[in-house]
$ cat final-v4.cif   # mmCIF, C-alpha atoms
data_entry
#
loop_
_atom_site.group_PDB
_atom_site.id
_atom_site.type_symbol
_atom_site.label_atom_id
_atom_site.label_comp_id
_atom_site.auth_asym_id
_atom_site.auth_seq_id
_atom_site.Cartn_x
_atom_site.Cartn_y
_atom_site.Cartn_z
ATOM 1 C CA MET A 1 -17.673 -12.908 10.367
ATOM 2 C CA SER A 2 -20.552 -15.394 10.783
ATOM 3 C CA ASP A 3 -20.809 -18.782 9.111
ATOM 4 C CA GLU A 4 -22.815 -17.149 6.329
ATOM 5 C CA LEU A 5 -20.741 -16.342 3.275
ATOM 6 C CA PRO A 6 -20.059 -12.618 2.743
ATOM 7 C CA SER A 7 -21.152 -10.840 -0.408
ATOM 8 C CA VAL A 8 -18.377 -10.303 -2.987
ATOM 9 C CA THR A 9 -17.962 -7.851 -5.848
ATOM 10 C CA VAL A 10 -15.483 -8.748 -8.604
ATOM 11 C CA ILE A 11 -13.937 -5.572 -10.043
ATOM 12 C CA ILE A 12 -12.270 -5.710 -13.463
ATOM 13 C CA PRO A 13 -10.808 -2.614 -15.193
ATOM 14 C CA ALA A 14 -10.735 -2.780 -18.991
ATOM 15 C CA ARG A 15 -10.095 -0.533 -21.968
ATOM 16 C CA PRO A 16 -13.069 1.308 -23.490
ATOM 17 C CA ASP A 17 -12.868 -0.601 -26.779
ATOM 18 C CA GLU A 18 -11.997 -4.054 -25.403
ATOM 19 C CA PRO A 19 -14.631 -6.415 -26.852
ATOM 20 C CA ASP A 20 -13.751 -9.715 -25.161
ATOM 21 C CA VAL A 21 -12.638 -9.357 -21.541
ATOM 22 C CA LYS A 22 -11.219 -12.754 -20.627
ATOM 23 C CA ALA A 23 -11.350 -12.080 -16.892
ATOM 24 C CA VAL A 24 -15.138 -11.689 -17.084
ATOM 25 C CA THR A 25 -15.522 -15.096 -18.690
ATOM 26 C CA ALA A 26 -13.416 -16.676 -15.940
ATOM 27 C CA ALA A 27 -15.148 -14.697 -13.170
ATOM 28 C CA ARG A 28 -18.519 -16.046 -14.272
ATOM 29 C CA GLN A 29 -17.232 -19.528 -13.454
ATOM 30 C CA LEU A 30 -16.394 -18.684 -9.841
ATOM 31 C CA ASP A 31 -18.096 -21.083 -7.454
ATOM 32 C CA TYR A 32 -20.129 -18.805 -5.213
ATOM 33 C CA PRO A 33 -23.829 -18.302 -4.365
ATOM 34 C CA THR A 34 -25.656 -16.255 -6.989
ATOM 35 C CA THR A 35 -27.224 -13.919 -4.435
ATOM 36 C CA LYS A 36 -23.834 -13.096 -2.915
ATOM 37 C CA ARG A 37 -21.887 -12.035 -5.986
ATOM 38 C CA GLU A 38 -21.636 -9.314 -8.600
ATOM 39 C CA ILE A 39 -19.192 -8.360 -11.343
ATOM 40 C CA ILE A 40 -18.423 -4.737 -12.163
ATOM 41 C CA LEU A 41 -16.533 -4.049 -15.382
ATOM 42 C CA ALA A 42 -14.968 -0.584 -15.237
ATOM 43 C CA ARG A 43 -14.080 0.684 -18.693
ATOM 44 C CA GLY A 44 -11.632 3.567 -19.040
ATOM 45 C CA GLN A 45 -7.998 4.518 -19.551
ATOM 46 C CA GLN A 46 -6.781 5.099 -15.985
ATOM 47 C CA PRO A 47 -7.005 1.876 -13.935
ATOM 48 C CA SER A 48 -6.639 3.439 -10.480
ATOM 49 C CA VAL A 49 -9.568 5.791 -11.212
ATOM 50 C CA GLN A 50 -11.555 2.911 -12.697
ATOM 51 C CA ARG A 51 -11.024 0.772 -9.613
ATOM 52 C CA ASN A 52 -11.934 3.592 -7.223
ATOM 53 C CA LEU A 53 -15.221 4.318 -8.988
ATOM 54 C CA ALA A 54 -16.089 0.622 -9.105
ATOM 55 C CA LEU A 55 -15.127 0.280 -5.442
ATOM 56 C CA ARG A 56 -17.560 3.039 -4.439
ATOM 57 C CA ALA A 57 -20.316 1.482 -6.561
ATOM 58 C CA ALA A 58 -19.742 -2.067 -5.266
ATOM 59 C CA THR A 59 -22.227 -3.703 -2.927
ATOM 60 C CA GLY A 60 -20.042 -6.584 -1.730
ATOM 61 C CA ALA A 61 -18.490 -6.710 1.732
ATOM 62 C CA LEU A 62 -15.420 -8.063 -0.037
ATOM 63 C CA VAL A 63 -13.999 -7.013 -3.397
ATOM 64 C CA TYR A 64 -11.989 -9.262 -5.675
ATOM 65 C CA PHE A 65 -9.708 -7.279 -8.003
ATOM 66 C CA LEU A 66 -8.745 -8.926 -11.282
ATOM 67 C CA ASP A 67 -6.985 -7.507 -14.321
ATOM 68 C CA ASP A 68 -8.769 -7.848 -17.652
ATOM 69 C CA ASP A 69 -6.597 -10.863 -18.555
ATOM 70 C CA SER A 70 -6.602 -12.596 -15.138
ATOM 71 C CA LEU A 71 -8.119 -16.075 -15.346
ATOM 72 C CA ALA A 72 -9.300 -16.878 -11.824
ATOM 73 C CA LEU A 73 -9.827 -20.486 -10.773
ATOM 74 C CA PRO A 74 -13.439 -21.419 -9.902
ATOM 75 C CA GLY A 75 -12.595 -22.158 -6.250
ATOM 76 C CA ASN A 76 -10.707 -18.925 -5.507
ATOM 77 C CA LEU A 77 -13.527 -17.067 -3.766
ATOM 78 C CA ARG A 78 -14.535 -19.889 -1.460
ATOM 79 C CA ARG A 79 -10.899 -20.446 -0.561
ATOM 80 C CA ALA A 80 -10.200 -16.791 0.171
ATOM 81 C CA VAL A 81 -13.284 -15.862 2.191
ATOM 82 C CA GLU A 82 -12.317 -18.306 4.929
ATOM 83 C CA TYR A 83 -9.297 -16.152 5.784
ATOM 84 C CA PHE A 84 -11.530 -13.153 6.448
ATOM 85 C CA ARG A 85 -13.051 -14.908 9.462
ATOM 86 C CA ASP A 86 -10.094 -13.295 11.231
ATOM 87 C CA PRO A 87 -11.260 -9.672 11.652
ATOM 88 C CA GLN A 88 -7.672 -8.424 11.428
ATOM 89 C CA VAL A 89 -7.228 -9.774 7.896
ATOM 90 C CA GLN A 90 -7.830 -6.953 5.410
ATOM 91 C CA MET A 91 -6.312 -8.311 2.192
ATOM 92 C CA VAL A 92 -5.599 -11.757 0.752
ATOM 93 C CA GLY A 93 -3.782 -12.482 -2.479
ATOM 94 C CA GLY A 94 -1.645 -14.902 -4.386
ATOM 95 C CA PRO A 95 0.462 -15.209 -7.523
ATOM 96 C CA ASN A 96 -0.401 -14.818 -11.170
ATOM 97 C CA LEU A 97 1.086 -17.725 -13.096
ATOM 98 C CA CYS A 98 2.006 -18.069 -16.736
ATOM 99 C CA PRO A 99 -0.329 -20.591 -18.412
ATOM 100 C CA PRO A 100 1.458 -23.813 -19.455
ATOM 101 C CA GLU A 101 0.342 -23.332 -23.058
ATOM 102 C CA ALA A 102 1.896 -19.859 -23.404
ATOM 103 C CA PRO A 103 4.562 -19.412 -26.144
ATOM 104 C CA ALA A 104 8.219 -20.129 -25.335
ATOM 105 C CA LEU A 105 9.239 -16.458 -25.137
ATOM 106 C CA GLU A 106 6.502 -15.745 -22.591
ATOM 107 C CA GLN A 107 7.614 -18.766 -20.575
ATOM 108 C CA VAL A 108 11.086 -17.212 -20.413
ATOM 109 C CA PHE A 109 9.626 -13.878 -19.317
ATOM 110 C CA ALA A 110 7.696 -15.693 -16.579
ATOM 111 C CA LEU A 111 10.873 -17.445 -15.459
ATOM 112 C CA VAL A 112 12.645 -14.092 -15.131
ATOM 113 C CA LEU A 113 9.785 -12.569 -13.146
ATOM 114 C CA SER A 114 9.807 -15.516 -10.741
ATOM 115 C CA SER A 115 13.590 -15.519 -10.216
ATOM 116 C CA TRP A 116 15.098 -14.271 -6.961
ATOM 117 C CA LEU A 117 17.881 -12.243 -8.571
ATOM 118 C CA ALA A 118 15.492 -10.341 -10.837
ATOM 119 C CA PHE A 119 12.639 -9.588 -8.462
ATOM 120 C CA GLY A 120 13.718 -10.584 -4.956
ATOM 121 C CA PRO A 121 10.789 -11.223 -2.587
ATOM 122 C CA SER A 122 8.365 -9.945 -5.237
ATOM 123 C CA ARG A 123 8.959 -13.121 -7.224
ATOM 124 C CA ALA A 124 6.126 -14.546 -5.097
ATOM 125 C CA ARG A 125 3.777 -12.542 -7.300
ATOM 126 C CA TYR A 126 4.722 -14.752 -10.253
ATOM 127 C CA ALA A 127 5.349 -18.169 -8.664
ATOM 128 C CA LYS A 128 4.022 -20.324 -5.841
ATOM 129 C CA VAL A 129 6.474 -19.538 -3.050
ATOM 130 C CA GLY A 130 6.279 -21.135 0.388
ATOM 131 C CA SER A 131 2.980 -21.583 2.220
ATOM 132 C CA LEU A 132 0.146 -19.472 3.617
ATOM 133 C CA ARG A 133 1.614 -16.586 5.624
ATOM 134 C CA GLU A 134 1.250 -13.010 6.770
ATOM 135 C CA THR A 135 3.053 -10.823 4.265
ATOM 136 C CA SER A 136 3.621 -7.306 2.936
ATOM 137 C CA GLU A 137 2.991 -5.422 -0.289
ATOM 138 C CA LYS A 138 6.159 -6.960 -1.722
ATOM 139 C CA GLU A 139 4.398 -10.277 -2.360
ATOM 140 C CA LEU A 140 0.861 -9.227 -3.325
ATOM 141 C CA ILE A 141 -0.338 -7.947 -6.682
ATOM 142 C CA LEU A 142 -3.544 -6.200 -7.731
ATOM 143 C CA CYS A 143 -4.377 -8.536 -10.608
ATOM 144 C CA ASN A 144 -5.313 -11.174 -7.991
ATOM 145 C CA LEU A 145 -6.286 -9.498 -4.737
ATOM 146 C CA ILE A 146 -9.280 -9.778 -2.387
ATOM 147 C CA ALA A 147 -9.926 -7.106 0.246
ATOM 148 C CA ARG A 148 -12.496 -5.741 2.658
ATOM 149 C CA ARG A 149 -14.365 -2.978 0.884
ATOM 150 C CA GLU A 150 -14.899 -1.015 4.092
ATOM 151 C CA ALA A 151 -11.158 -0.985 4.858
ATOM 152 C CA LEU A 152 -10.279 0.309 1.395
ATOM 153 C CA LEU A 153 -12.839 3.089 1.598
ATOM 154 C CA LYS A 154 -11.672 3.997 5.099
ATOM 155 C CA HIS A 155 -8.205 4.675 3.697
ATOM 156 C CA GLY A 156 -9.532 6.668 0.760
ATOM 157 C CA GLY A 157 -9.175 3.961 -1.876
ATOM 158 C CA PHE A 158 -6.278 3.917 -4.326
ATOM 159 C CA ASN A 159 -3.986 6.903 -4.789
ATOM 160 C CA GLU A 160 -4.982 8.052 -8.275
ATOM 161 C CA ALA A 161 -1.685 9.873 -8.735
ATOM 162 C CA LEU A 162 0.009 6.457 -8.813
ATOM 163 C CA TYR A 163 -0.120 3.931 -11.621
ATOM 164 C CA PRO A 164 1.185 1.340 -11.249
ATOM 165 C CA ASN A 165 1.873 0.796 -7.509
ATOM 166 C CA GLU A 166 -1.387 2.327 -6.351
ATOM 167 C CA GLU A 167 -2.132 -0.882 -4.448
ATOM 168 C CA ASN A 168 1.314 -0.999 -2.817
ATOM 169 C CA ALA A 169 0.907 2.376 -1.134
ATOM 170 C CA LEU A 170 -2.556 1.385 0.102
ATOM 171 C CA MET A 171 -1.275 -1.932 1.474
ATOM 172 C CA ASP A 172 1.484 -0.138 3.362
ATOM 173 C CA GLU A 173 -1.104 2.150 4.962
ATOM 174 C CA ILE A 174 -3.423 -0.719 5.912
ATOM 175 C CA GLN A 175 -0.551 -2.659 7.448
ATOM 176 C CA ARG A 176 0.711 0.413 9.289
ATOM 177 C CA THR A 177 -2.663 0.751 11.011
ATOM 178 C CA GLY A 178 -2.697 -2.871 12.193
ATOM 179 C CA GLY A 179 -4.352 -4.714 9.335
ATOM 180 C CA LYS A 180 -3.088 -8.136 8.216
ATOM 181 C CA LEU A 181 -2.148 -9.016 4.656
ATOM 182 C CA LEU A 182 -2.061 -12.707 3.738
ATOM 183 C CA TYR A 183 -0.293 -14.507 0.889
ATOM 184 C CA ASP A 184 -1.622 -17.894 -0.236
ATOM 185 C CA PRO A 185 0.440 -19.538 -2.997
ATOM 186 C CA GLU A 186 -2.527 -21.750 -3.914
ATOM 187 C CA LEU A 187 -4.819 -18.758 -4.460
ATOM 188 C CA PHE A 188 -3.609 -18.082 -7.979
ATOM 189 C CA VAL A 189 -4.800 -16.909 -11.361
ATOM 190 C CA TYR A 190 -3.409 -17.637 -14.788
ATOM 191 C CA ARG A 191 -2.174 -14.594 -16.670
ATOM 192 C CA ARG A 192 0.136 -14.402 -19.673
ATOM 193 C CA PRO A 193 3.252 -12.199 -19.438
ATOM 194 C CA ARG A 194 3.897 -9.617 -22.133
ATOM 195 C CA ARG A 195 3.756 -10.963 -25.686
ATOM 196 C CA THR A 196 6.827 -9.237 -27.127
ATOM 197 C CA LEU A 197 10.252 -8.101 -25.966
ATOM 198 C CA ARG A 198 9.241 -4.490 -26.538
ATOM 199 C CA ALA A 199 6.172 -4.866 -24.325
ATOM 200 C CA PHE A 200 8.208 -6.673 -21.665
ATOM 201 C CA ALA A 201 10.820 -3.911 -21.671
ATOM 202 C CA LYS A 202 8.115 -1.252 -21.352
ATOM 203 C CA MET A 203 6.624 -3.123 -18.405
ATOM 204 C CA LEU A 204 9.984 -3.208 -16.599
ATOM 205 C CA ARG A 205 10.484 0.540 -17.053
ATOM 206 C CA THR A 206 6.942 1.159 -15.870
ATOM 207 C CA TYR A 207 7.497 -0.959 -12.748
ATOM 208 C CA GLY A 208 10.615 1.048 -11.925
ATOM 209 C CA ARG A 209 8.885 4.377 -12.532
ATOM 210 C CA GLY A 210 5.890 3.331 -10.453
ATOM 211 C CA ARG A 211 8.035 2.299 -7.494
ATOM 212 C CA ALA A 212 9.947 5.605 -7.551
ATOM 213 C CA GLU A 213 6.700 7.568 -7.670
ATOM 214 C CA GLN A 214 5.323 5.486 -4.812
ATOM 215 C CA PHE A 215 8.435 6.253 -2.765
ATOM 216 C CA ARG A 216 8.015 9.953 -3.449
ATOM 217 C CA ALA A 217 4.355 9.858 -2.427
ATOM 218 C CA THR A 218 4.660 7.518 0.576
ATOM 219 C CA PRO A 219 8.305 6.798 1.509
ATOM 220 C CA THR A 220 8.858 3.639 3.561
ATOM 221 C CA ILE A 221 11.808 1.520 4.669
ATOM 222 C CA GLY A 222 10.393 -1.316 2.576
ATOM 223 C CA SER A 223 11.321 0.547 -0.612
ATOM 224 C CA ALA A 224 15.044 0.583 0.241
ATOM 225 C CA LEU A 225 15.710 -2.605 -1.743
ATOM 226 C CA ASN A 226 14.228 -0.980 -4.839
ATOM 227 C CA PHE A 227 17.085 1.518 -4.931
ATOM 228 C CA VAL A 228 19.544 -1.266 -5.844
ATOM 229 C CA PRO A 229 18.756 -1.417 -9.616
ATOM 230 C CA PRO A 230 19.013 2.375 -10.191
ATOM 231 C CA LEU A 231 22.273 2.517 -8.233
ATOM 232 C CA PHE A 232 23.559 -0.494 -10.184
ATOM 233 C CA LEU A 233 22.685 1.250 -13.453
ATOM 234 C CA LEU A 234 24.559 4.329 -12.295
ATOM 235 C CA TYR A 235 27.541 2.125 -11.477
ATOM 236 C CA LEU A 236 27.448 0.514 -14.945
ATOM 237 C CA LEU A 237 27.585 3.936 -16.560
ATOM 238 C CA THR A 238 30.759 4.768 -14.615
ATOM 239 C CA VAL A 239 32.640 1.604 -15.637
ATOM 240 C CA PRO A 240 33.750 2.765 -19.133
ATOM 241 C CA ILE A 241 34.651 6.183 -17.709
ATOM 242 C CA VAL A 242 36.840 4.663 -14.998
ATOM 243 C CA LEU A 243 38.470 2.241 -17.437
ATOM 244 C CA SER A 244 39.251 5.109 -19.802
ATOM 245 C CA LEU A 245 40.705 7.126 -16.930
ATOM 246 C CA ALA A 246 42.808 4.165 -15.832
ATOM 247 C CA PHE A 247 44.174 3.735 -19.355
ATOM 248 C CA THR A 248 45.061 7.417 -19.522
ATOM 249 C CA THR A 249 46.802 7.443 -16.137
ATOM 250 C CA ARG A 250 48.279 3.949 -16.587
ATOM 251 C CA SER A 251 46.744 2.868 -13.296
ATOM 252 C CA GLN A 252 46.924 -0.885 -12.723
ATOM 253 C CA HIS A 253 44.736 -1.298 -9.645
ATOM 254 C CA LEU A 254 41.868 1.087 -10.403
ATOM 255 C CA PRO A 255 40.260 -1.133 -13.081
ATOM 256 C CA GLU A 256 40.486 -4.203 -10.842
ATOM 257 C CA LEU A 257 38.885 -2.458 -7.879
ATOM 258 C CA TRP A 258 36.171 -0.770 -9.891
ATOM 259 C CA CYS A 259 35.231 -3.888 -11.858
ATOM 260 C CA PHE A 260 35.097 -6.160 -8.814
ATOM 261 C CA PRO A 261 31.367 -5.510 -8.172
ATOM 262 C CA LEU A 262 30.675 -6.255 -11.831
ATOM 263 C CA ALA A 263 32.527 -9.556 -11.519
ATOM 264 C CA CYS A 264 30.473 -10.437 -8.429
ATOM 265 C CA TYR A 265 27.286 -9.567 -10.293
ATOM 266 C CA THR A 266 28.290 -11.813 -13.201
ATOM 267 C CA VAL A 267 28.821 -14.696 -10.787
ATOM 268 C CA ALA A 268 25.408 -14.035 -9.222
ATOM 269 C CA VAL A 269 23.735 -14.172 -12.650
ATOM 270 C CA VAL A 270 25.446 -17.489 -13.430
ATOM 271 C CA VAL A 271 24.426 -18.920 -10.042
ATOM 272 C CA GLN A 272 20.837 -17.811 -10.634
ATOM 273 C CA GLY A 273 20.931 -19.588 -13.981
ATOM 274 C CA GLY A 274 22.037 -22.757 -12.239
ATOM 275 C CA ALA A 275 19.215 -22.422 -9.720
ATOM 276 C CA LEU A 276 16.685 -22.202 -12.559
ATOM 277 C CA LEU A 277 17.896 -25.391 -14.250
ATOM 278 C CA PRO A 278 15.854 -27.943 -12.244
ATOM 279 C CA ARG A 279 12.490 -26.321 -13.005
ATOM 280 C CA ALA A 280 13.168 -24.817 -16.421
ATOM 281 C CA GLY A 281 15.725 -26.924 -18.245
ATOM 282 C CA ALA A 282 19.025 -25.796 -19.732
ATOM 283 C CA LEU A 283 17.715 -23.920 -22.782
ATOM 284 C CA ARG A 284 15.100 -21.876 -20.939
ATOM 285 C CA ALA A 285 17.413 -21.158 -17.988
ATOM 286 C CA LEU A 286 20.180 -19.899 -20.278
ATOM 287 C CA SER A 287 17.682 -17.838 -22.262
ATOM 288 C CA ALA A 288 16.537 -16.131 -19.059
ATOM 289 C CA LEU A 289 19.999 -14.819 -18.089
ATOM 290 C CA PRO A 290 20.208 -11.828 -20.465
ATOM 291 C CA PHE A 291 16.648 -10.886 -19.543
ATOM 292 C CA ILE A 292 17.576 -10.862 -15.854
ATOM 293 C CA VAL A 293 20.290 -8.324 -16.639
ATOM 294 C CA LEU A 294 17.838 -6.397 -18.810
ATOM 295 C CA THR A 295 15.390 -6.357 -15.886
ATOM 296 C CA HIS A 296 17.866 -4.576 -13.630
ATOM 297 C CA VAL A 297 18.872 -2.075 -16.292
ATOM 298 C CA LEU A 298 15.344 -1.152 -17.395
ATOM 299 C CA TYR A 299 13.868 -1.162 -13.895
ATOM 300 C CA GLY A 300 16.738 1.084 -12.806
ATOM 301 C CA LEU A 301 16.144 3.405 -15.763
ATOM 302 C CA GLY A 302 12.430 3.577 -14.975
ATOM 303 C CA PHE A 303 13.199 4.316 -11.332
ATOM 304 C CA TRP A 304 15.404 7.275 -12.259
ATOM 305 C CA ILE A 305 12.656 8.561 -14.559
ATOM 306 C CA GLY A 306 10.078 8.159 -11.786
ATOM 307 C CA LEU A 307 12.126 10.255 -9.398
ATOM 308 C CA PHE A 308 11.625 13.288 -11.640
ATOM 309 C CA THR A 309 8.215 12.807 -13.273
ATOM 310 C CA ARG A 310 5.387 15.225 -12.630
ATOM 311 C CA MET A 311 2.825 13.304 -10.590
ATOM 312 C CA LYS A 312 -0.714 14.374 -11.371
ATOM 313 C CA PRO A 313 -2.759 15.132 -8.253
ATOM 314 C CA PRO A 314 -6.096 13.296 -7.879
ATOM 315 C CA GLY A 315 -8.007 16.431 -8.884
ATOM 316 C CA GLU A 316 -6.567 16.248 -12.380
ATOM 317 C CA ARG A 317 -8.041 12.764 -12.758
ATOM 318 C CA ALA A 318 -11.573 13.997 -12.088
ATOM 319 C CA ASN A 319 -12.421 14.348 -15.785
ATOM 320 C CA VAL A 320 -11.305 10.824 -16.705
ATOM 321 C CA THR A 321 -14.209 9.063 -18.390
ATOM 322 C CA VAL A 322 -15.126 5.748 -16.792
ATOM 323 C CA LYS A 323 -18.086 3.556 -17.695
ATOM 324 C CA LEU A 324 -19.247 1.021 -15.113
ATOM 325 C CA GLU A 325 -21.061 -2.097 -16.309
ATOM 326 C CA THR A 326 -22.690 -4.630 -14.014
ATOM 327 C CA VAL A 327 -22.147 -7.943 -15.764
ATOM 328 C CA ALA A 328 -24.519 -10.893 -15.502
ATOM 329 C CA TRP A 329 -22.943 -14.063 -14.150
ATOM 330 C CA SER A 330 -24.493 -16.292 -16.777
#
$ encode --input "final-v4.cif" --output "structure tokens"
Amino acid sequence: MSDELPSVTVIIPARPDEPDVKAVTAARQLDYPTTKREIILARGQQPSVQRNLALRAATGALVYFLDDDSLALPGNLRRAVEYFRDPQVQMVGGPNLCPPEAPALEQVFALVLSSWLAFGPSRARYAKVGSLRETSEKELILCNLIARREALLKHGGFNEALYPNEENALMDEIQRTGGKLLYDPELFVYRRPRRTLRAFAKMLRTYGRGRAEQFRATPTIGSALNFVPPLFLLYLLTVPIVLSLAFTTRSQHLPELWCFPLACYTVAVVVQGGALLPRAGALRALSALPFIVLTHVLYGLGFWIGLFTRMKPPGERANVTVKLETVAWS
């Protein structure tokens, strides 16, 4: 890449009837030459299809994917394009952070998402973790992701049978063919977590379902860790059965042996709560603990559902209505 800045297309999927797309307002404030930038708003009801159509219509050498509620910082583009001077770098991303002014419940949700016990290495999607580094799909998220347009098209764009997790499968493929993925904790956007407990619970189930469907479509070793929550849920369901059996047979050791993993898990949850104290305070850290447990249960449930869902092939998405709008920067 020469010293001249590359052209960039910002792609934002939104609902058909969404009147005020906050990401557009923030994208207009990005510090970048007017002649080198465009914003495409893709309206529809199937984000992976929306992104693919916008990707094919884009004119930028790079594409910056934002969700409709992602508030990008003005300096994000100039910061990110420097990394693409390395021709091996194909994608660059960073976390989406909960705004400081968000309500208390959303702050707790954000704390859960950024905790190690709840999300493992993927917590880097919701918190500034470490420093600039080469990474994998575990740490990047599509609501704040910049990529080479040519590389995405070369790999066929996003798998439209997957939503969510369409970006994860594509990242795996790009990395498998030698492309670099970079994580920069300072390349962040502000984005509020779900507003209600019901919406948060639905999101967790959806994440689990999406990961299971991704594994079915493109199985990789990297997905092995995601089998822990569904197996843990299966274990939880056996606990009352085993305890009832032990009571019936008057077994003394069976309950102790079978409940030992549960005891270890309880200790892990308490330790995680202690680790959250310095950055969250006692009240918020304690409030996060039941939601961490809920995360494992609902993600595990969603994963089991995703193992048996009917995945629609891309051809069935052909009739999805998408409207592309090129938005003026000012």
$ resolve_selection --input "final-v4.cif" --expression "the PyMOL selection byres ((chain A and resi 16-23) around 6)" --output "PyMOL selection string"
chain A and resi 15+24-27+43-44+68-71
$ closest_residue --input "final-v4.cif" --among "A:Asp86, A:Asp172, A:Glu186, A:Asp67" --to "Leu145 in chain A" --atoms "all atoms listed in the file"
A:Asp67
$ resolve_selection --input "final-v4.cif" --expression "the PyMOL selection byres ((chain A and resi 162) around 8)" --output "list in words"
Ser48, Asn159, Glu160, Ala161, Tyr163, Pro164, Asn165, Glu166, Gly210, Glu213, Gln214 and Met311 of chain A
$ residues_near_point --input "final-v4.cif" --point "(7.3, -19.0, -10.5)" --cutoff "8 Å" --atoms "all atoms listed in the file" --output "mmCIF file with C-alpha atoms, keeping the file's coordinate frame"
data_model
loop_
_atom_site.group_PDB
_atom_site.id
_atom_site.type_symbol
_atom_site.label_atom_id
_atom_site.label_comp_id
_atom_site.auth_asym_id
_atom_site.auth_seq_id
_atom_site.Cartn_x
_atom_site.Cartn_y
_atom_site.Cartn_z
ATOM 1 C CA LEU A 97 1.086 -17.725 -13.096
ATOM 2 C CA ALA A 110 7.696 -15.693 -16.579
ATOM 3 C CA LEU A 111 10.873 -17.445 -15.459
ATOM 4 C CA LEU A 113 9.785 -12.569 -13.146
ATOM 5 C CA SER A 114 9.807 -15.516 -10.741
ATOM 6 C CA SER A 115 13.590 -15.519 -10.216
ATOM 7 C CA ARG A 123 8.959 -13.121 -7.224
ATOM 8 C CA ALA A 124 6.126 -14.546 -5.097
ATOM 9 C CA TYR A 126 4.722 -14.752 -10.253
ATOM 10 C CA ALA A 127 5.349 -18.169 -8.664
ATOM 11 C CA LYS A 128 4.022 -20.324 -5.841
ATOM 12 C CA VAL A 129 6.474 -19.538 -3.050
#
$ atom_distance --input "final-v4.cif" --atom1 "CA of Val189 in chain A" --atom2 "CA of Ala275 in chain A"
24.7 Å
$ decode --input "final-v4.cif" --residues "range 61-73 of chain A" --atoms "N, CA and C atoms" --output "short mmCIF file (atom, residue, chain, number, x, y, z; two decimals), in the first residue's frame"
data_model
loop_
_atom_site.label_atom_id
_atom_site.label_comp_id
_atom_site.auth_asym_id
_atom_site.auth_seq_id
_atom_site.Cartn_x
_atom_site.Cartn_y
_atom_site.Cartn_z
N ALA A 61 -11.52 0.30 -1.28
CA ALA A 61 -10.56 -0.80 -1.19
C ALA A 61 -10.69 -1.50 0.16
N LEU A 62 -11.08 -0.72 1.16
CA LEU A 62 -11.36 -1.26 2.49
C LEU A 62 -12.82 -1.05 2.82
N VAL A 63 -13.38 -1.94 3.64
CA VAL A 63 -14.75 -1.77 4.11
C VAL A 63 -14.76 -1.78 5.62
N TYR A 64 -15.51 -0.87 6.19
CA TYR A 64 -15.62 -0.76 7.65
C TYR A 64 -17.04 -1.15 8.02
N PHE A 65 -17.20 -2.32 8.66
CA PHE A 65 -18.51 -2.81 9.06
C PHE A 65 -18.86 -2.28 10.45
N LEU A 66 -20.03 -1.65 10.53
CA LEU A 66 -20.58 -1.19 11.80
C LEU A 66 -22.00 -1.71 11.92
N ASP A 67 -22.45 -2.01 13.14
CA ASP A 67 -23.85 -2.28 13.36
C ASP A 67 -24.61 -0.95 13.42
N ASP A 68 -25.92 -1.01 13.36
CA ASP A 68 -26.70 0.23 13.30
C ASP A 68 -26.57 1.08 14.56
N ASP A 69 -26.13 0.45 15.68
CA ASP A 69 -25.98 1.20 16.93
C ASP A 69 -24.53 1.36 17.35
N SER A 70 -23.58 1.07 16.45
CA SER A 70 -22.16 1.23 16.75
C SER A 70 -21.77 2.70 16.59
N LEU A 71 -21.20 3.27 17.64
CA LEU A 71 -20.76 4.67 17.60
C LEU A 71 -19.24 4.69 17.48
N ALA A 72 -18.76 4.81 16.24
CA ALA A 72 -17.33 4.79 15.97
C ALA A 72 -16.69 6.12 16.38
N LEU A 73 -15.46 6.05 16.88
CA LEU A 73 -14.72 7.25 17.22
C LEU A 73 -14.20 7.90 15.95
#
